[in-house]
Protein chains: 2
Amino acid sequence: MFEVAELGHKVTKADYNEKVPTLRTQLLTAQQQLSTLNFSVIILISGVDGGGKGEVINLLNEWLDPRFMRTNAYDSSSDEEKERPKFWRFWRTMPAKGTIGIYVGSWYSNPIAQRVHKDTKEADLQLQLTQIKQLEQELADDGTLIIKCWLHLKKDPQKKRLKLLENNPETAWQVTNRDKKHLKMYDDFARVAETVLKETSSTQNPWRIIDGSDIRYSSLTVGQRVLDKIKAHIAAHELKQSMPVPTRSAPIIHGNQPKILDSLDLSLELDKKDYNEKLNFYQGKLNKLARYAHQKKTSRVLVFEGWDAGGKGGAIRRLTRALDSRNYQVIPIAAPTDEEQVQHYLWRFWRHMSRAGRITIYDRSWYGRVLVERVEGFASEQEWTRAYSEITNFEKSLTDHGIVLLKFWLHIDPDEQLRRFKGREKISYKQHKITEEDYRNRDKWAEYSLAVNDMVAHTNSQKTSWTLVEANNKRYARIKVIKTYCEALEKALD
Amino acid sequence: MFEVAELGHKVTKADYNEKVPTLRTQLLTAQQQLSTLNFSVIILISGVDGGGKGEVINLLNEWLDPRFMRTNAYDSSSDEEKERPKFWRFWRTMPAKGTIGIYVGSWYSNPIAQRVHKDTKEADLQLQLTQIKQLEQELADDGTLIIKCWLHLKKDPQKKRLKLLENNPETAWQVTNRDKKHLKMYDDFARVAETVLKETSSTQNPWRIIDGSDIRYSSLTVGQRVLDKIKAHIAAHELKQSMPVPTRSAPIIHGNQPKILDSLDLSLELDKKDYNEKLNFYQGKLNKLARYAHQKKTSRVLVFEGWDAGGKGGAIRRLTRALDSRNYQVIPIAAPTDEEQVQHYLWRFWRHMSRAGRITIYDRSWYGRVLVERVEGFASEQEWTRAYSEITNFEKSLTDHGIVLLKFWLHIDPDEQLRRFKGREKISYKQHKITEEDYRNRDKWAEYSLAVNDMVAHTNSQKTSWTLVEANNKRYARIKVIKTYCEALEKALD
């Protein structure tokens with residue numbers, strides 16, 4: 001597949017100097033337009049050593065307007081990066097909508113290098129590529145334009161290029177021992193690269209292989225490709241905006257569909273004495289487990305979802321009382337900030353990813369996408385339906401990293417909710433928790449029920465299972481939460 | 001000074017249970033109010049081991065509304081933290097305006113521990129305390145309320161408390177070897193703590209020493225203090241808001257004041273041949289120096305300020321062409337995002353602080369505070385006048401960390417600026433750089449000149465000196481920039 005890039009394309013200096021000003025103008029114009037639109041652009045410049053990646057990236061940096069662009073270099077991971085799921089370092093530097101991120105190194109670097117050095121098996125590589133495809137698909141679904149360029153060089157010219165660089169004292173630094181080692185592994189490298197490029201070229205996110213033997217040719221070609229892709233993406237984006245929005249069909253409530261929530265026995269309760277004893281017992285137990293988990297550097301993520309007034313806050317406080325305040329964070333999810341709004345909706349959860357051995361407790365979570373955003377129409381049907389797999393992938397990246405994930409749905413019935421609303425209005429320090437909107441949401445109980453049933457059905461797996469909590473009785477619910485958590489943690493730490 | 005906290009204050013359970021609900025309500029009400037105001041609250045809970053810091057913080061976490069509050073724990077530094085100036089870890093987690101940050105550990109932890117363990121001398125401690133006082137003063141100047149509580153315990157009760165904790169298998173974990181070691185050092189610890197508390201208690205940011213022998217007493221006292229302080233701060237804040245804004249007096253232009261800028265010879269120039277030779281030479285040199293600095297993990301910060309069309313972008317590109325795109329970032333400073341707007345104005349620069357061995361190039365910078373914000377009246381006179389020392393402290397924290405800092409002012413005269421504006425309008429890819437505002441700013445040339453003169457006069461020191469660049473001739477300016485940078489870097493790396 002590399003043959004097309006081995007023809008020895010060349011651009012003369014005169015030709016280059018003539019073409020560059022026009023290209024720059026067009027790139028800047030496209031960037032101006034892009035800056036007002038709600039998608040981002042990721043440019044990956046990869047390829048063989050000596051293929052001119054550095055030069056091309058430096059030129060892109062010169063040509064583009066730095067106000068709407070940033071270069072992200074991914075060298076070896078810092079310890080903060082190692083303590084988090086592997087894609088975290090990419091999420092933390094994701095370009096905002098309206099801007100361009102140029103990637104020096106990317107999610108492809110490690111999988112290729114590891115396979116070339118035989119640190120991984122072919123099956124590992126395949127798994128990594130699957131994860132990469134998922135990531136790119138999710139970004140593309142969010143509107144992101146991913147431009148992937150591979151700078152190719154034949155074996156002999158690579159050798160020559162490295163020699164040339166090495167012999168010139170001004171450029172010798174560019175040749176590292178790793179490069180020389182890679183040169184010896186050229187054939188292995190080419191073979192692995194071919195697999196990777198083939199596997200990860202899709203219609204939406206294709207690789208473009210570019211002859212890297214002449215810097216003028218390769219930089220002009222990359223620049224032109226960046227321009228063409230951005231222009232085409234803007235055009236497609238505008239076309240989509242001008243299309244009539246399909247009228248939202250009312251969600252269908254299947255009366256006789258198996259309802260997961262209906263199977264819960266809401267009459268379950270605990271008396272005060274029993275509750276106090278059990279609470280004491282499990283708080284002590286949790287405390288010990290949490291310390292052990294901290295020592296073992298096992299992170300934990302807890303998700304609390306449930307009806308308004310379902311008792312999330314109370315259940316969370318019964319947990320945190322047993323925890324060391326140095327090691328946990330409660331993240332209440334409210335409206336996104338503007339920096340969050342110009343990112344993929346999962347970005348705001350990635351940014352709260354804790355260092356190793358900590359606990360992050362979400363009071364509401366990414367499930368807002370398939371609950372409130374679905375029911376209230378903030379997310380399109382396309383968006384919330386694909387969110388199930390996005391969420392599944394996201395949670396898998398947590399559990400793959402060794403994070404223990406627990407998810408609770410606190411379930412009450414409408415009568416109990418009304419009782420609690422009325423009760424809250426009487427307790428001065430809880431009044432702020434009750435608004436008009438809470439009452440309005442009650443009218444949509446059936447729609448929310450359907451959304452919850454779908455959510456549980458689509459996002460339940462062994463390592464990411466939902467715990468449905470019968471929460472009409474607060475004491476019962478709190479004990480069920482802390483007990484479930486203790487047992488899961490105990491099992492996970494075993 | 002600790003005697004007042006050694007009286008053995010106690011609160012009965014009944015009394016406690018009666019007082020807590022009222023306190024909680026009032027805290028939540030105060031938080032609601034705070035959430036709409038533009039200042040933040042920092043709560044530092046420090047004190048002796050076994051003084052109940054953990055318990056008090058856990059209770060505050062329970063009482064406060066998690067939507068407007070976050071607990072930040074500062075344990076040992078990560079490598080990413082170690083690679084940056086020491087206060088970076090506090091800046092990265094600074095609470096936003098309208099919210100509360102509870103600090104477990106703080107900028108006091110290391111200075112106290114190091115002195116107790118005799119890792120530092122008294123003079124080091126004094127220097128650290130000076131830096132802490134500066135930090136707290138700057139935060140307070142920005143409106144931040146800092147509430148500092150010290151939980152005290154006499155030697156015997158501390159011993160008893162630790163024994164008690166240790167003997168109970170449920171709580172033994174809370175007693176670390178460090179605690180036991182500390183216990184042996186009680187007297188040293190008390191002595192150092194006394195110095196620190198005395199030195200860092202100001203009218204604005206006083207320490208409150210609280211008897212830690214009874215958890216009910218200490219948590220109620222801390223809670224009440226937090227409430228009182230927030231209420232008083234809100235009242236003071238509102239009083240200030242209601243005061244008439246002093247009419248801004250027109251800045252005085254001292255015609256015969258020594259003008260630093262006027263001493264520059266703007267006729268300096270370079271011919272093309274000379275320029276190309278020198279550029280080649282210095283780019284090669286810079287490249288080598290930059291690699292060496294990267295190896296040595298020396299970070300570099302470059303600040304570019306100058307008149308509109310002064311040639312900042314062009315000078316920056318001549319530098320970056322010699323750099324490895326993996327190791328530098330160009331940060332163009334534009335309007336702050338909303339997350340930046342709810343922070344101290346220096347926060348947005350702290351957030352771009354690079355890891356070790358990198359180069360951060362600012363195209364405009366924190367000097368906006370004393371230039372555009374001063375001239376356009378976006379910052380009050382009080383704000384921009386105190387900014388000189390804030391900036392000096394900020395830059396000192398960079399150079400103290402070993403960062404090589406260079407600052408360039410690109411100076412042109414009004415005629416040259418006009419020529420460049422007209423020229424830009426003719427080059428298609430530069431048209432976007434010229435707006436109405438650029439022309440409007442020309443009317444304020446004298447005011448800006450004064451601001452620049454003041455800026456240079458107030459923020460020039462040996463390690464943070466300004467380089468004034470005669471920039472009417474672009475070639476001359478670019479060579480002066482890269483040459484100055486090479487020489488400074490060479491000297492610094494020596």
# chains A, B, ... in the order shown; residues from 1 in each chain; ligands from 1
$ interface_residues --of "chain B" --to "chain A" --cutoff "6 Å" --atoms "only C-alpha atoms" --output "PyMOL selection string"
chain B and resi 25+67+73+284+326+332+429
$ residues_around --residues "B:Leu60" --least-positions-apart "6" --cutoff "9 Å" --atoms "only C-alpha atoms" --output "number ranges by chain"
B: 102, 219, 222-223
$ closest_residue --among "B:Asp119, B:Thr195, B:Asp49, B:Ser218" --to "B:Leu165" --atoms "only C-alpha atoms"
B:Asp49
$ residues_around --residues "stretch 400-408 of chain A" --least-positions-apart "2" --cutoff "9 Å" --atoms "only C-alpha atoms" --output "compact mmCIF listing (two decimals) with C-alpha atoms, in the first residue's frame"
# COMPACT_ATOMS: atom_id res chain seq x y z
CA GLU A 83 -2.43 6.62 37.06
CA ARG A 84 -5.39 7.13 34.73
CA PRO A 85 -6.95 5.22 31.81
CA LYS A 86 -4.69 5.36 28.78
CA THR A 298 -7.06 1.02 43.22
CA SER A 299 -9.31 3.88 42.15
CA ARG A 300 -13.03 3.72 42.55
CA VAL A 301 -15.84 5.48 40.75
CA LEU A 302 -19.36 5.58 42.13
CA VAL A 303 -22.31 6.77 40.12
CA PHE A 304 -25.52 7.86 41.79
CA GLU A 305 -28.61 8.29 39.68
CA GLY A 306 -32.21 8.23 40.80
CA LYS A 312 -28.77 10.29 46.58
CA ALA A 356 -4.57 6.38 41.62
CA GLY A 357 -6.18 5.10 44.80
CA GLU A 395 -16.91 2.63 31.41
CA LYS A 396 -14.90 -0.19 29.90
CA SER A 397 -11.88 2.07 29.70
CA LEU A 398 -12.30 2.69 33.43
CA LEU A 410 -32.25 5.05 43.78
CA LYS A 463 -18.04 -5.15 35.62
CA THR A 464 -20.34 -2.19 35.13
CA SER A 465 -23.54 -3.49 36.60
CA TRP A 466 -26.34 -1.37 37.97
CA THR A 467 -27.54 -1.76 41.52
CA LEU A 468 -31.21 -0.89 41.67
CA VAL A 469 -32.01 0.33 45.13
CA VAL A 481 -25.89 1.05 49.01
CA THR A 484 -23.35 -3.48 48.05
CA TYR A 485 -20.36 -1.23 47.79
CA ALA A 488 -18.14 -5.30 45.50
CA LEU A 489 -14.99 -3.67 46.80
CA ALA A 492 -12.49 -6.56 43.61
$ residues_around --residues "stretch 189-194 of chain B" --least-positions-apart "4" --cutoff "8 Å" --atoms "only C-alpha atoms" --output "JSON, numbers by chain"
{"B": [1, 112, 115, 116, 182, 185, 198]}
$ residues_around --residues "B:Asp141" --least-positions-apart "3" --cutoff "10 Å" --atoms "only C-alpha atoms" --output "list in words"
Leu135, Glu136, Gln137, Glu138, Thr144, Leu145, Gln204, His344, Gln382, Glu383 and Arg386 of chain B
$ write_last_selection --atoms "C-alpha atoms" --output "CSV table (one decimal), in the first residue's frame"
chain,number,residue,atom,x,y,z
B,135,LEU,CA,0.2,34.6,48.0
B,136,GLU,CA,-2.5,35.2,50.6
B,137,GLN,CA,-2.3,38.9,50.2
B,138,GLU,CA,-2.8,38.6,46.4
B,144,THR,CA,-10.8,35.9,48.3
B,145,LEU,CA,-11.8,35.2,51.8
B,204,GLN,CA,-7.1,40.4,56.9
B,344,HIS,CA,-7.6,35.5,39.8
B,382,GLN,CA,-5.9,50.0,42.5
B,383,GLU,CA,-5.9,46.8,40.5
B,386,ARG,CA,-0.8,46.5,42.7
$ select_by_dssp --residues "stretch 295-414 of chain B" --states "strand (DSSP E or B)" --output "count of residues only"
25
$ residues_around --residues "B:Trp347" --least-positions-apart "2" --cutoff "10 Å" --atoms "only C-alpha atoms" --output "ChimeraX atom specification"
/B:88,91-94,339-345,349-352,366
$ write_last_selection --atoms "N, CA and C atoms" --output "PDB file, in the first residue's frame"
ATOM      1  N   TRP B  88       2.145  25.924  42.055  1.00  0.00           N
ATOM      2  CA  TRP B  88       1.306  25.512  40.927  1.00  0.00           C
ATOM      3  C   TRP B  88       0.191  24.569  41.353  1.00  0.00           C
ATOM      4  N   TRP B  91      -2.574  26.616  42.658  1.00  0.00           N
ATOM      5  CA  TRP B  91      -3.258  27.379  41.606  1.00  0.00           C
ATOM      6  C   TRP B  91      -4.123  26.474  40.740  1.00  0.00           C
ATOM      7  N   ARG B  92      -3.682  25.273  40.455  1.00  0.00           N
ATOM      8  CA  ARG B  92      -4.435  24.409  39.552  1.00  0.00           C
ATOM      9  C   ARG B  92      -5.766  23.975  40.167  1.00  0.00           C
ATOM     10  N   THR B  93      -5.871  24.074  41.472  1.00  0.00           N
ATOM     11  CA  THR B  93      -7.101  23.646  42.139  1.00  0.00           C
ATOM     12  C   THR B  93      -7.775  24.808  42.869  1.00  0.00           C
ATOM     13  N   MET B  94      -7.440  26.023  42.495  1.00  0.00           N
ATOM     14  CA  MET B  94      -8.014  27.203  43.145  1.00  0.00           C
ATOM     15  C   MET B  94      -9.539  27.222  42.964  1.00  0.00           C
ATOM     16  N   GLU B 339     -14.418  30.083  32.573  1.00  0.00           N
ATOM     17  CA  GLU B 339     -13.718  29.439  33.682  1.00  0.00           C
ATOM     18  C   GLU B 339     -12.530  30.288  34.135  1.00  0.00           C
ATOM     19  N   GLU B 340     -11.957  31.030  33.206  1.00  0.00           N
ATOM     20  CA  GLU B 340     -10.848  31.912  33.555  1.00  0.00           C
ATOM     21  C   GLU B 340     -11.358  33.182  34.239  1.00  0.00           C
ATOM     22  N   GLN B 341     -12.528  33.601  33.814  1.00  0.00           N
ATOM     23  CA  GLN B 341     -13.072  34.838  34.357  1.00  0.00           C
ATOM     24  C   GLN B 341     -13.438  34.737  35.837  1.00  0.00           C
ATOM     25  N   VAL B 342     -13.727  33.535  36.308  1.00  0.00           N
ATOM     26  CA  VAL B 342     -14.072  33.389  37.721  1.00  0.00           C
ATOM     27  C   VAL B 342     -12.844  32.994  38.548  1.00  0.00           C
ATOM     28  N   GLN B 343     -11.686  33.441  38.097  1.00  0.00           N
ATOM     29  CA  GLN B 343     -10.464  33.173  38.837  1.00  0.00           C
ATOM     30  C   GLN B 343      -9.629  34.454  38.908  1.00  0.00           C
ATOM     31  N   HIS B 344      -8.624  34.443  39.753  1.00  0.00           N
ATOM     32  CA  HIS B 344      -7.628  35.505  39.800  1.00  0.00           C
ATOM     33  C   HIS B 344      -7.042  35.669  38.387  1.00  0.00           C
ATOM     34  N   TYR B 345      -6.700  36.921  38.014  1.00  0.00           N
ATOM     35  CA  TYR B 345      -6.285  37.115  36.612  1.00  0.00           C
ATOM     36  C   TYR B 345      -4.991  36.382  36.271  1.00  0.00           C
ATOM     37  N   PHE B 349      -2.586  32.081  33.443  1.00  0.00           N
ATOM     38  CA  PHE B 349      -1.198  31.862  33.043  1.00  0.00           C
ATOM     39  C   PHE B 349      -0.611  30.681  33.799  1.00  0.00           C
ATOM     40  N   TRP B 350      -1.019  30.546  35.059  1.00  0.00           N
ATOM     41  CA  TRP B 350      -0.593  29.370  35.825  1.00  0.00           C
ATOM     42  C   TRP B 350      -1.044  28.088  35.132  1.00  0.00           C
ATOM     43  N   ARG B 351      -2.220  28.101  34.529  1.00  0.00           N
ATOM     44  CA  ARG B 351      -2.744  26.867  33.935  1.00  0.00           C
ATOM     45  C   ARG B 351      -1.942  26.436  32.713  1.00  0.00           C
ATOM     46  N   HIS B 352      -1.190  27.379  32.110  1.00  0.00           N
ATOM     47  CA  HIS B 352      -0.386  27.006  30.940  1.00  0.00           C
ATOM     48  C   HIS B 352       1.048  26.632  31.305  1.00  0.00           C
ATOM     49  N   TRP B 366       0.486  38.325  30.833  1.00  0.00           N
ATOM     50  CA  TRP B 366      -0.030  38.925  32.065  1.00  0.00           C
ATOM     51  C   TRP B 366       0.170  40.444  32.093  1.00  0.00           C
TER      52      TRP B 366
END
$ residues_around --residues "A:Asp413" --least-positions-apart "4" --cutoff "8 Å" --atoms "only C-alpha atoms" --output "list of chain:residue names"
A:Leu266, A:Gln417, A:Asn472
$ decode --residues "stretch 295-380 of chain B" --atoms "C-alpha atoms" --output "PDB file, in the first residue's frame"
ATOM      1  CA  GLN B 295      17.959  17.464  28.425  1.00  0.00           C
ATOM      2  CA  LYS B 296      18.707  19.487  31.525  1.00  0.00           C
ATOM      3  CA  LYS B 297      14.947  19.837  32.092  1.00  0.00           C
ATOM      4  CA  THR B 298      15.255  23.610  32.167  1.00  0.00           C
ATOM      5  CA  SER B 299      11.957  25.231  31.241  1.00  0.00           C
ATOM      6  CA  ARG B 300      11.819  28.526  29.434  1.00  0.00           C
ATOM      7  CA  VAL B 301       9.149  31.186  29.281  1.00  0.00           C
ATOM      8  CA  LEU B 302       9.195  33.892  26.646  1.00  0.00           C
ATOM      9  CA  VAL B 303       6.953  36.904  26.784  1.00  0.00           C
ATOM     10  CA  PHE B 304       6.262  38.990  23.698  1.00  0.00           C
ATOM     11  CA  GLU B 305       4.665  42.368  24.110  1.00  0.00           C
ATOM     12  CA  GLY B 306       4.724  45.278  21.711  1.00  0.00           C
ATOM     13  CA  TRP B 307       2.703  47.660  19.637  1.00  0.00           C
ATOM     14  CA  ASP B 308       0.086  46.233  17.309  1.00  0.00           C
ATOM     15  CA  ALA B 309       1.864  45.201  14.114  1.00  0.00           C
ATOM     16  CA  GLY B 310       5.151  45.435  16.005  1.00  0.00           C
ATOM     17  CA  GLY B 311       6.149  42.073  14.542  1.00  0.00           C
ATOM     18  CA  LYS B 312       5.610  39.718  17.491  1.00  0.00           C
ATOM     19  CA  GLY B 313       4.245  36.892  15.371  1.00  0.00           C
ATOM     20  CA  GLY B 314       7.069  37.097  12.864  1.00  0.00           C
ATOM     21  CA  ALA B 315       9.736  37.159  15.557  1.00  0.00           C
ATOM     22  CA  ILE B 316       8.095  34.186  17.292  1.00  0.00           C
ATOM     23  CA  ARG B 317       8.017  32.171  14.075  1.00  0.00           C
ATOM     24  CA  ARG B 318      11.732  32.805  13.498  1.00  0.00           C
ATOM     25  CA  LEU B 319      12.340  31.291  16.941  1.00  0.00           C
ATOM     26  CA  THR B 320      10.005  28.339  16.691  1.00  0.00           C
ATOM     27  CA  ARG B 321      11.428  27.310  13.343  1.00  0.00           C
ATOM     28  CA  ALA B 322      14.558  26.323  15.253  1.00  0.00           C
ATOM     29  CA  LEU B 323      12.637  24.412  17.907  1.00  0.00           C
ATOM     30  CA  ASP B 324      11.291  20.905  18.170  1.00  0.00           C
ATOM     31  CA  SER B 325       7.513  21.136  17.899  1.00  0.00           C
ATOM     32  CA  ARG B 326       7.195  18.579  20.684  1.00  0.00           C
ATOM     33  CA  ASN B 327       8.732  20.975  23.153  1.00  0.00           C
ATOM     34  CA  TYR B 328       7.147  24.339  22.668  1.00  0.00           C
ATOM     35  CA  GLN B 329       3.732  25.949  22.907  1.00  0.00           C
ATOM     36  CA  VAL B 330       2.740  29.348  21.622  1.00  0.00           C
ATOM     37  CA  ILE B 331      -0.010  30.779  23.808  1.00  0.00           C
ATOM     38  CA  PRO B 332      -1.805  33.700  22.192  1.00  0.00           C
ATOM     39  CA  ILE B 333      -3.623  35.644  24.890  1.00  0.00           C
ATOM     40  CA  ALA B 334      -7.156  36.589  23.946  1.00  0.00           C
ATOM     41  CA  ALA B 335     -10.307  37.231  25.965  1.00  0.00           C
ATOM     42  CA  PRO B 336     -10.599  34.919  28.996  1.00  0.00           C
ATOM     43  CA  THR B 337     -13.064  32.012  28.951  1.00  0.00           C
ATOM     44  CA  ASP B 338     -15.738  31.914  31.632  1.00  0.00           C
ATOM     45  CA  GLU B 339     -13.718  29.439  33.682  1.00  0.00           C
ATOM     46  CA  GLU B 340     -10.848  31.912  33.555  1.00  0.00           C
ATOM     47  CA  GLN B 341     -13.072  34.838  34.357  1.00  0.00           C
ATOM     48  CA  VAL B 342     -14.072  33.389  37.721  1.00  0.00           C
ATOM     49  CA  GLN B 343     -10.464  33.173  38.837  1.00  0.00           C
ATOM     50  CA  HIS B 344      -7.628  35.505  39.800  1.00  0.00           C
ATOM     51  CA  TYR B 345      -6.285  37.115  36.612  1.00  0.00           C
ATOM     52  CA  LEU B 346      -2.972  35.250  36.952  1.00  0.00           C
ATOM     53  CA  TRP B 347      -4.728  31.863  37.035  1.00  0.00           C
ATOM     54  CA  ARG B 348      -4.966  31.644  33.258  1.00  0.00           C
ATOM     55  CA  PHE B 349      -1.198  31.862  33.043  1.00  0.00           C
ATOM     56  CA  TRP B 350      -0.593  29.370  35.825  1.00  0.00           C
ATOM     57  CA  ARG B 351      -2.744  26.867  33.935  1.00  0.00           C
ATOM     58  CA  HIS B 352      -0.386  27.006  30.940  1.00  0.00           C
ATOM     59  CA  MET B 353       2.691  26.300  33.039  1.00  0.00           C
ATOM     60  CA  SER B 354       4.622  23.626  31.148  1.00  0.00           C
ATOM     61  CA  ARG B 355       6.245  20.457  32.330  1.00  0.00           C
ATOM     62  CA  ALA B 356      10.030  20.439  32.780  1.00  0.00           C
ATOM     63  CA  GLY B 357      12.268  21.200  29.826  1.00  0.00           C
ATOM     64  CA  ARG B 358       9.633  22.885  27.657  1.00  0.00           C
ATOM     65  CA  ILE B 359       9.271  26.327  26.157  1.00  0.00           C
ATOM     66  CA  THR B 360       6.141  28.419  26.572  1.00  0.00           C
ATOM     67  CA  ILE B 361       5.921  31.472  24.344  1.00  0.00           C
ATOM     68  CA  TYR B 362       3.312  34.058  25.219  1.00  0.00           C
ATOM     69  CA  ASP B 363       2.026  36.263  22.412  1.00  0.00           C
ATOM     70  CA  ARG B 364       0.824  38.954  24.819  1.00  0.00           C
ATOM     71  CA  SER B 365       0.736  38.003  28.457  1.00  0.00           C
ATOM     72  CA  TRP B 366      -0.030  38.925  32.065  1.00  0.00           C
ATOM     73  CA  TYR B 367       1.236  42.400  31.173  1.00  0.00           C
ATOM     74  CA  GLY B 368      -2.160  43.056  29.656  1.00  0.00           C
ATOM     75  CA  ARG B 369      -3.124  43.969  33.207  1.00  0.00           C
ATOM     76  CA  VAL B 370      -0.874  47.053  33.233  1.00  0.00           C
ATOM     77  CA  LEU B 371      -1.239  47.842  29.526  1.00  0.00           C
ATOM     78  CA  VAL B 372      -4.607  47.382  27.820  1.00  0.00           C
ATOM     79  CA  GLU B 373      -6.544  46.850  31.054  1.00  0.00           C
ATOM     80  CA  ARG B 374      -5.038  49.999  32.514  1.00  0.00           C
ATOM     81  CA  VAL B 375      -5.453  52.189  29.467  1.00  0.00           C
ATOM     82  CA  GLU B 376      -8.940  50.985  28.600  1.00  0.00           C
ATOM     83  CA  GLY B 377     -10.077  51.133  32.205  1.00  0.00           C
ATOM     84  CA  PHE B 378     -10.875  47.379  32.472  1.00  0.00           C
ATOM     85  CA  ALA B 379      -8.786  47.256  35.641  1.00  0.00           C
ATOM     86  CA  SER B 380      -9.224  49.845  38.374  1.00  0.00           C
TER      87      SER B 380
END
